[in-house]
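Report on the following structure.
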Protein chains: 2
Amino acid sequence: MAHSDIPLYLKIYYQLREEIESGKYKAGELLPSEEELAVTFQASRTTIRNALQELEKDNLIFRKRGKGTVVREPKTAQNLNYISSFTETLRAKGMEVTTGTLTVELVPAPPKVAGALELERGELIYLVQRTRVAGGSPVAFITNYLLPRMVPELEKKKEGLRSKGLYQLLEEEYGLRLHRAVETIEAYMSGPLEADLLHIPERMPLFHTVRVVYLEDGTPFEVDISIIRADKYEYKVFLEGRPKENRRSLK
Amino acid sequence: MAHSDIPLYLKIYYQLREEIESGKYKAGELLPSEEELAVTFQASRTTIRNALQELEKDNLIFRKRGKGTVVREPKTAQNLNYISSFTETLRAKGMEVTTGTLTVELVPAPPKVAGALELERGELIYLVQRTRVAGGSPVAFITNYLLPRMVPELEKKKEGLRSKGLYQLLEEEYGLRLHRAVETIEAYMSGPLEADLLHIPERMPLFHTVRVVYLEDGTPFEVDISIIRADKYEYKVFLEGRPKENRRSLK
DNA sequence: AAGTGGTCTAGACCACGAA
DNA sequence: TCGTGGTCTAGACCACTTA
């Protein structure tokens with residue numbers, strides 16, 4: 001009698017999420033009190049609170065002491081900024097994305113990349129370069145540098161990169177968990193090189209992004225440099241709250 | 001003998017944070033086990049876990065079952081994306097920012113803005129337009145639309161906008177708490193209008209951003225439309241984790 | 001005054017990682 | 001096998017909101 005390994009509080013979380021999303025509890029309304037939920041789910045209040053905490057992380061609810069647990073307007077229950085590849089982002093919008101050119105090779109790390117990834121000068125690193133095609137025309141030229149010790153024999157997985165996003169492959173094939181990333185976005189105009197790579201005229205607006213990705217333990221792991229046609233793409237950034245004051249207790 | 005109203009778990013959180021930041025526990029090292037901390041702080045393990053959870057939210061630690069609680073590399077303990085004004089962002093980088101032109105007026109809401117702010121067509125709304133100047137030249141033209149019922153008599157605070165960022169004024173003068181925002185970033189080239197507003201040639205790369213800001217209860221409250229010289233500015237985006245799978249229990 | 005979420009305790013058993 | 005964090009219980013008192 002497989003009683004599933006999912007912790008109780010997560011099961012409760014899923015069910016409540018479903019009920020909120022299905023409209024059983026509407027925006028602005030109160031959820032049943034923690035005490036009531038504890039009875040209906042046959043769980044302790046602590047477990048209920050654990051489930052509610054997950055819903056709060058998802059921004060589906062917020063809580064008012066003395067009042068109750070309020071269902072949020074779905075409009076602001078947006079996702080945060082996740083580490084997604086260009087391909088994943090476009091596909092999530094329903095666009096079809098294919099790969100044009102694709103190369104995978106081991107090269108000495110360029111100085112800037114070596115700095116970001118904490119390497120010695122000239123250490124070998126995987127270089128992946130791809131053209132991404134959407135709607136029949138190239139829309140982005142993407143360069144990735146990856147630490148070889150984390151992705152051994154990457155060149156053998158080359159064909160996987162045609163269909164999957166890079167990050168999906170890193171997760172599925174190497175079990176890597178990406179934790180954080182910092183991305184810098186600039187805009188500039190195409191020159192002769194970009195015109196050639198993306199088959200566009202010169203003096204077209206382009207995004208130039210540099211992203212450094214870190215693993216759970218803080219190791220910098222990958223550098224992603226993308227050149228993207230600005231007339232075919234827009235960035236969405238989700239912002240949350242105001243900068244924290246550095247509160248200190250007065251004693 | 002004021003024994004302070006701060007909950008015990010927060011006091012423990014502050015102390016541990018201090019000890020991490022002061023270097024008592026170094027990156028990569030383990031914190032004492034929850035059991036040990038419970039003894040030294042004379043608190044239950046639940047309370048200790050509450051404190052550690054706060055540290056985890058701050059990205060100062062992460063936990064490994066069977067192993068212990070690990071102090072993170074400070075490098076990835078970066079801030080997330082907060083709702084900051086253009087001015088605040090530039091000032092945080094140490095740049096001096098002043099205001100060029102500045103207008104505040106009540107106008108009928110344009111259709112797109114009325115849609116984003118859930119207004120009736122033609123309802124009146126505050127329109128704030130400013131030129132931001134850095135290093136002697138205009139770098140951005142910023143347009144804000146704000147709900148009048150939330151910021152009564154905004155025109156009287158006009159001069160405050162010369163020195164402060166808009167969001168700082170909203171907090172300090174109106175006690176508004178900004179909760180979430182969604183920003184869309186595009187790049188395009190200057191035409192005659194932009195050339196005039198920012199004193200630049202045509203066909204220069206520009207950022208065009210549209211931001212909708214929501215309050216805690218989910219009310220859309222403000223629309224910010226900015227045009228920024230791309231040769232003077234870059235965006236930094238902090239990304240966190242991978243998109244959640246939509247796991248469902250199988251029973 | 002009654003009901004809500006916030007904090008806290010003292011225990012228990014489990015799953016995982018390392019020795 | 002042992003120590004770690006993860007889950008869970010049953011109870012308690014407090015702070016805040018609303019009536």
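If you're wondering about the labels, chains in the structure tokens are A, B, ... by order shown, residues count from 1 in each chain, ligands from 1 in order shown.
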**OP:** Hey, list the chain B side of the contact with chain D: 10 Å cut-off, only C-alpha atoms (C1' of nucleotides), answer as a count of residues only.
**Re:** 11
Original post:
Which polymer residues have any atom within 8 Å of an atom of segment 217-234 of chain A, counting only C-alpha atoms (C1' of nucleotides), with same-chain residues fewer than 6 positions away left out, as a ChimeraX atom specification?
Top reply: /A:113,116-118,139-147,204-211 /B:28,72-76,184-188
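Closest approach to Val213 of chain B from the set A:Ala43, A:Val97, A:Ala195, A:Leu239 is made by A:Leu239, with distances taken over only C-alpha atoms.
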Subject >> Surrounding residues of Leu215 of chain B excluding itself and chain neighbours under 6 positions, 10 Å, only C-alpha atoms (C1' of nucleotides), as a VMD selection string >> reply: (chain A and resid 76 241) or (chain B and resid 176 to 181 221 to 222)
Subject >> Nearby residues (only C-alpha atoms (C1' of nucleotides)) at most 7 Å from segment 161-173 of chain A, same-chain spacing under 5 positions excluded, as a ChimeraX atom specification >> reply: /A:85,87-88,98-99
Now that the selection is made, can you save its residues with N, CA and C atoms as a JSON list (two decimals), in the first residue's frame?
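Output file again_4.json is given in full below:
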```json
[["chain", "number", "residue", "atom", "x", "y", "z"],
["A", 85, "SER", "N", 17.44, 29.39, -19.72],
["A", 85, "SER", "CA", 18.18, 29.64, -20.95],
["A", 85, "SER", "C", 17.31, 30.42, -21.91],
["A", 87, "THR", "N", 16.59, 29.63, -24.85],
["A", 87, "THR", "CA", 15.66, 28.70, -25.49],
["A", 87, "THR", "C", 14.43, 28.47, -24.62],
["A", 88, "GLU", "N", 14.67, 28.18, -23.33],
["A", 88, "GLU", "CA", 13.55, 27.93, -22.43],
["A", 88, "GLU", "C", 12.61, 29.13, -22.36],
["A", 98, "THR", "N", 15.14, 26.54, -32.83],
["A", 98, "THR", "CA", 16.04, 25.48, -33.27],
["A", 98, "THR", "C", 17.47, 25.98, -33.20],
["A", 99, "THR", "N", 18.41, 25.06, -33.44],
["A", 99, "THR", "CA", 19.81, 25.41, -33.36],
["A", 99, "THR", "C", 20.39, 25.52, -34.76]]
```
Subject >> Proximal residues of chain C relative to chain B (only C-alpha atoms (C1' of nucleotides); 12 Å) as a VMD selection string >> reply: chain C and resid 6 to 11 14 to 18
Original post:
Using the chain letters and numbers from this document, which residues of segment 24-178 of chain B does DSSP assign to helix (DSSP H, G or I), as JSON, numbers by chain?
Top reply: {"B": [34, 35, 36, 37, 38, 39, 40, 45, 46, 47, 48, 49, 50, 51, 52, 53, 54, 55, 56, 57, 74, 75, 76, 86, 87, 88, 89, 90, 91, 92, 111, 112, 113, 114, 115, 116, 154, 155, 156, 157, 160, 161, 162, 163, 166, 167, 168, 169, 170, 171, 172, 173, 174]}
**OP:** Excluding Phe238 of chain B and residues on its chain fewer than 4 positions from it, collect all residues at most 7 Å away from it, counting only C-alpha atoms (C1' of nucleotides), and give them as number ranges by chain.
**Re:** A: 181-183; B: 80-81
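Here atom CA of Val128 of chain B stands at a distance of 16.3 Å from atom CA of Tyr174 of chain B.
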**OP:** Choose the residue, out of A:Val104, A:Ile61, A:Val151, A:Val237, that has the smallest atom-to-atom separation from chain B; count only C-alpha atoms.
**Re:** A:Val237
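Each of A:Leu198, A:Val212, A:Ile83, A:Val71 was compared to chain B using only C-alpha atoms, and A:Ile83 turns out to be the nearest.
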Original post:
Which parts of segment 168-242 of chain A does DSSP call strand (DSSP E or B) when run on the backbone here, written out as number ranges by chain?
Top reply: A: 178-189, 205-215, 220-229, 235-240
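Among the candidates A:Gln42, A:Ser22, A:Gln53, A:Ser84, the residue lying nearest to chain B is A:Ser84 (atoms considered: only C-alpha atoms).
When only C-alpha atoms are used to measure the gap to chain A, the shortest distance among B:Tyr126, B:Tyr25, B:Tyr13, B:Tyr82 belongs to B:Tyr82.
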